[in-house]
Amino acid sequence: MFQSAPAFLTGPAIALPATTALALLLAIHPSLAAPCVLSAKAESVRVERALDGDTAALADGRTLRLAGILAPKAPLGTREADWPLADAAATTLRALVAGRPLVLRPALASPDRHGRIVGYLAPEGAADPAGLSAELLARGVARAAADRAGRDCRATLLAAEDGARRASLGLWTNTYYEVRDAADGDAFAGSVGRFEIAEGRVASVRTVNGRLYVNFGRRWRDALALVLSEAAAKRLGGAEALGLSPGARLRVRGMIERRLGPTIAVTEAAQIEKLGLASAR
């Protein structure tokens, strides 16, 4: 189901000095220099240690979950020690926080269900408060979560991930994390409960009992489908605002559920990216 990726442990995704990967991204895309506008008050913090690739213990006893990203975790039935992708992500985060004065900006007003702060860490004086979240994406050791916590830094996070994916850095060399073909339902065999990214052309868009269904195959049971509740569709502006029309090429992401076929429930606009005529896969 997956292959090992030695380059992930030794390649440029880890070897680059702190902030270099993100600096290169911003040099290529200067318009992304400071797209984040975070209203939360900045707080100077010290990280005691990285717990994994996207979670850290602060010196004051609090636990921080980096906003807007998902670092590799060992699949069910696999020990962390036997899953080099998880270890490499944690190693990268340790290197980025070691001995550095950092600034925390919470992304959510309240802790998550595990009692962790969810927010952004950045070096003091950094131009972009997305900081380490964007840096980890640019190095290819995390994927953009496209969740509520990442709303204010959506542009930076997706651009950082896209740069790493195009350069085949880090986890993007591993088939376990590859972008799936949304039209191929078999590509999601074993994916239930997993976060996946997929690309495809919309075959049909339908509303049934208030729910919006976006199908990527003629036979919707044999391909990926997006599902938006009536409330979510209204909050996000509807199909037109999201670019959901037959023939549109999209990149989508989220947790895979299985109804009569593989589905992703859409609750955030960032879960849907409009693509050009050619796929970026």
# chains A, B, ... in the order shown; residues from 1 in each chain; ligands from 1

$ residues_around --residues "Trp220 in chain A" --least-positions-apart "6" --cutoff "9 Å" --atoms "only C-alpha atoms" --output "ChimeraX atom specification"
/A:183,185,203-204,214,260-261

$ residues_around --residues "Asp52 in chain A" --least-positions-apart "5" --cutoff "8 Å" --atoms "only C-alpha atoms" --output "list in words"
Ala71, Ala86, Asp87, Ala89, Ala90 and Leu93 of chain A

$ residues_around --residues "range 263-269 of chain A" --least-positions-apart "6" --cutoff "9 Å" --atoms "only C-alpha atoms" --output "tab-separated table (two decimals) with N, CA and C atoms, in the first residue's frame"
chain	number	residue	atom	x	y	z
A	146	ALA	N	-6.68	22.52	5.48
A	146	ALA	CA	-7.87	23.21	4.96
A	146	ALA	C	-9.00	23.20	5.97
A	147	ASP	N	-8.67	23.37	7.25
A	147	ASP	CA	-9.69	23.36	8.29
A	147	ASP	C	-9.96	24.78	8.79
A	148	ARG	N	-10.83	24.89	9.78
A	148	ARG	CA	-11.21	26.21	10.29
A	148	ARG	C	-10.02	26.99	10.83
A	151	ARG	N	-8.03	29.12	8.16
A	151	ARG	CA	-8.74	30.06	7.28
A	151	ARG	C	-7.94	31.31	6.96
A	223	ALA	N	-16.91	6.51	-8.00
A	223	ALA	CA	-15.94	7.61	-7.99
A	223	ALA	C	-16.13	8.40	-6.70
A	224	LEU	N	-15.21	9.31	-6.45
A	224	LEU	CA	-15.32	10.18	-5.28
A	224	LEU	C	-16.47	11.16	-5.46
A	225	ALA	N	-17.13	11.50	-4.37
A	225	ALA	CA	-18.17	12.53	-4.38
A	225	ALA	C	-17.95	13.48	-3.21
A	226	LEU	N	-18.24	14.75	-3.41
A	226	LEU	CA	-18.26	15.73	-2.34
A	226	LEU	C	-19.69	15.90	-1.87
A	227	VAL	N	-19.85	16.10	-0.57
A	227	VAL	CA	-21.18	16.30	0.00
A	227	VAL	C	-21.16	17.56	0.85
A	228	LEU	N	-22.07	18.48	0.59
A	228	LEU	CA	-22.22	19.68	1.40
A	228	LEU	C	-23.62	19.70	2.00
A	229	SER	N	-23.69	19.84	3.30
A	229	SER	CA	-25.00	19.99	3.93
A	229	SER	C	-25.63	21.28	3.47
A	232	ALA	N	-23.89	24.16	5.17
A	232	ALA	CA	-22.54	24.42	4.67
A	232	ALA	C	-22.59	25.08	3.30
A	233	ALA	N	-23.46	24.58	2.43
A	233	ALA	CA	-23.57	25.16	1.09
A	233	ALA	C	-23.98	26.63	1.15
A	235	ARG	N	-23.53	28.71	3.77
A	235	ARG	CA	-22.46	29.50	4.39
A	235	ARG	C	-21.32	29.75	3.42
A	236	LEU	N	-21.03	28.81	2.54
A	236	LEU	CA	-19.89	28.93	1.62
A	236	LEU	C	-20.28	29.59	0.30
A	242	LEU	N	-18.19	28.34	-5.20
A	242	LEU	CA	-17.13	27.35	-4.99
A	242	LEU	C	-16.57	26.80	-6.29
A	252	VAL	N	-9.39	18.51	-4.36
A	252	VAL	CA	-10.20	18.51	-3.14
A	252	VAL	C	-9.49	17.72	-2.06
A	253	ARG	N	-9.86	17.98	-0.81
A	253	ARG	CA	-9.19	17.30	0.30
A	253	ARG	C	-10.14	17.16	1.47
A	254	GLY	N	-9.87	16.14	2.27
A	254	GLY	CA	-10.67	15.93	3.47
A	254	GLY	C	-10.64	14.47	3.89
A	255	MET	N	-11.36	14.17	4.98
A	255	MET	CA	-11.45	12.81	5.48
A	255	MET	C	-12.40	12.00	4.61
A	256	ILE	N	-11.97	10.81	4.26
A	256	ILE	CA	-12.80	9.95	3.42
A	256	ILE	C	-13.83	9.21	4.27
A	257	GLU	N	-15.08	9.33	3.87
A	257	GLU	CA	-16.17	8.56	4.45
A	257	GLU	C	-16.71	7.63	3.37

$ residues_around --residues "Val45 in chain A" --least-positions-apart "4" --cutoff "10 Å" --atoms "only C-alpha atoms" --output "PDB file with C-alpha atoms, in the first residue's frame"
ATOM      1  CA  LEU A  58       5.626  24.594  25.469  1.00  0.00           C
ATOM      2  CA  ALA A  59       7.894  25.418  28.386  1.00  0.00           C
ATOM      3  CA  ASP A  60       4.922  26.735  30.394  1.00  0.00           C
ATOM      4  CA  ARG A 100      14.766  29.917  18.804  1.00  0.00           C
ATOM      5  CA  PRO A 101      12.670  32.766  20.218  1.00  0.00           C
ATOM      6  CA  LEU A 102       9.194  32.195  18.813  1.00  0.00           C
ATOM      7  CA  VAL A 103       5.904  34.060  18.699  1.00  0.00           C
ATOM      8  CA  LEU A 104       2.551  32.302  19.128  1.00  0.00           C
ATOM      9  CA  LEU A 121       4.358  29.706  15.600  1.00  0.00           C
TER      10      LEU A 121
END

$ select_by_dssp --residues "range 2-233 of chain A" --states "alpha helix (DSSP H)" --output "short mmCIF file (atom, residue, chain, number, x, y, z; two decimals) with C-alpha atoms, in the first residue's frame"
data_model
loop_
_atom_site.label_atom_id
_atom_site.label_comp_id
_atom_site.auth_asym_id
_atom_site.auth_seq_id
_atom_site.Cartn_x
_atom_site.Cartn_y
_atom_site.Cartn_z
CA PRO A 6 14.80 7.34 1.76
CA ALA A 7 14.91 10.76 0.10
CA PHE A 8 12.38 11.91 2.66
CA LEU A 9 14.92 11.36 5.41
CA THR A 10 17.99 12.76 3.69
CA PRO A 12 16.32 18.84 0.76
CA ALA A 13 13.03 18.71 2.61
CA ILE A 14 15.06 18.38 5.82
CA ALA A 15 18.50 19.61 4.80
CA THR A 20 14.96 28.77 3.54
CA ALA A 21 12.21 26.75 1.86
CA LEU A 22 9.58 29.33 2.72
CA ALA A 23 11.89 32.18 1.70
CA LEU A 24 12.34 30.58 -1.73
CA LEU A 25 8.58 30.21 -2.09
CA LEU A 26 7.97 33.86 -1.25
CA ALA A 27 10.73 34.97 -3.63
CA ILE A 28 8.93 33.18 -6.46
CA PRO A 84 9.90 6.95 8.85
CA LEU A 85 7.63 9.68 7.48
CA ALA A 86 6.28 10.47 10.95
CA ASP A 87 9.76 10.42 12.46
CA ALA A 88 11.15 12.69 9.74
CA ALA A 89 8.38 15.26 10.25
CA ALA A 90 9.04 15.33 14.00
CA THR A 91 12.79 15.66 13.40
CA THR A 92 12.18 18.64 11.12
CA LEU A 93 9.97 20.41 13.66
CA ARG A 94 12.54 19.80 16.40
CA ALA A 95 15.20 21.45 14.25
CA LEU A 96 12.98 24.44 13.50
CA VAL A 97 12.12 25.20 17.13
CA GLY A 131 5.62 30.79 10.16
CA LEU A 132 6.45 27.18 10.94
CA SER A 133 3.18 25.83 9.52
CA ALA A 134 4.08 27.21 6.09
CA GLU A 135 7.72 26.18 6.50
CA LEU A 136 6.80 22.56 7.19
CA LEU A 137 4.54 22.53 4.14
CA ALA A 138 7.25 24.07 1.95
CA ARG A 154 -5.20 29.83 3.40
CA ALA A 155 -3.22 31.41 0.53
CA THR A 156 0.18 30.93 2.14
CA LEU A 157 -0.48 27.38 3.29
CA LEU A 158 -1.83 26.09 -0.02
CA ALA A 159 0.95 27.80 -2.00
CA ALA A 160 3.62 26.34 0.28
CA GLU A 161 2.19 22.84 -0.11
CA ASP A 162 1.88 23.26 -3.88
CA GLY A 163 5.55 24.23 -4.19
CA ALA A 164 6.69 21.12 -2.31
CA ARG A 165 4.39 18.86 -4.30
CA ARG A 166 5.60 20.21 -7.64
CA GLU A 230 -27.63 22.63 3.27
CA ALA A 231 -26.10 24.83 6.00
CA ALA A 232 -22.54 24.42 4.67
CA ALA A 233 -23.57 25.16 1.09
#

$ closest_residue --among "A:Gly238, A:Arg46, A:Ile197, A:Arg258" --to "Ala122 in chain A" --atoms "only C-alpha atoms"
A:Arg46

$ atom_distance --atom1 "CA of Val141 in chain A" --atom2 "CA of Gly170 in chain A"
5.6 Å

$ residues_around --residues "Tyr176 in chain A" --least-positions-apart "2" --cutoff "12 Å" --atoms "only C-alpha atoms" --output "list in words"
Met1, Phe2, Gln3, Ser4, Ala5, Pro72, Lys73, Ala74, Pro75, Trp83, Leu85, Gly170, Leu171, Trp172, Thr173, Asn174, Glu178, Val179, Arg180, Ala187, Phe188, Gly190, Ser191, Arg194, Phe195, Glu196 and Ile197 of chain A

$ closest_residue --among "A:Ala50, A:Ala107, A:Ala81, A:Leu250" --to "Cys153 in chain A" --atoms "only C-alpha atoms"
A:Ala107

$ select_by_dssp --residues "range 60-149 of chain A" --states "strand (DSSP E)" --output "ChimeraX atom specification"
/A:63-66,69-70,102-106,117-123,143-144
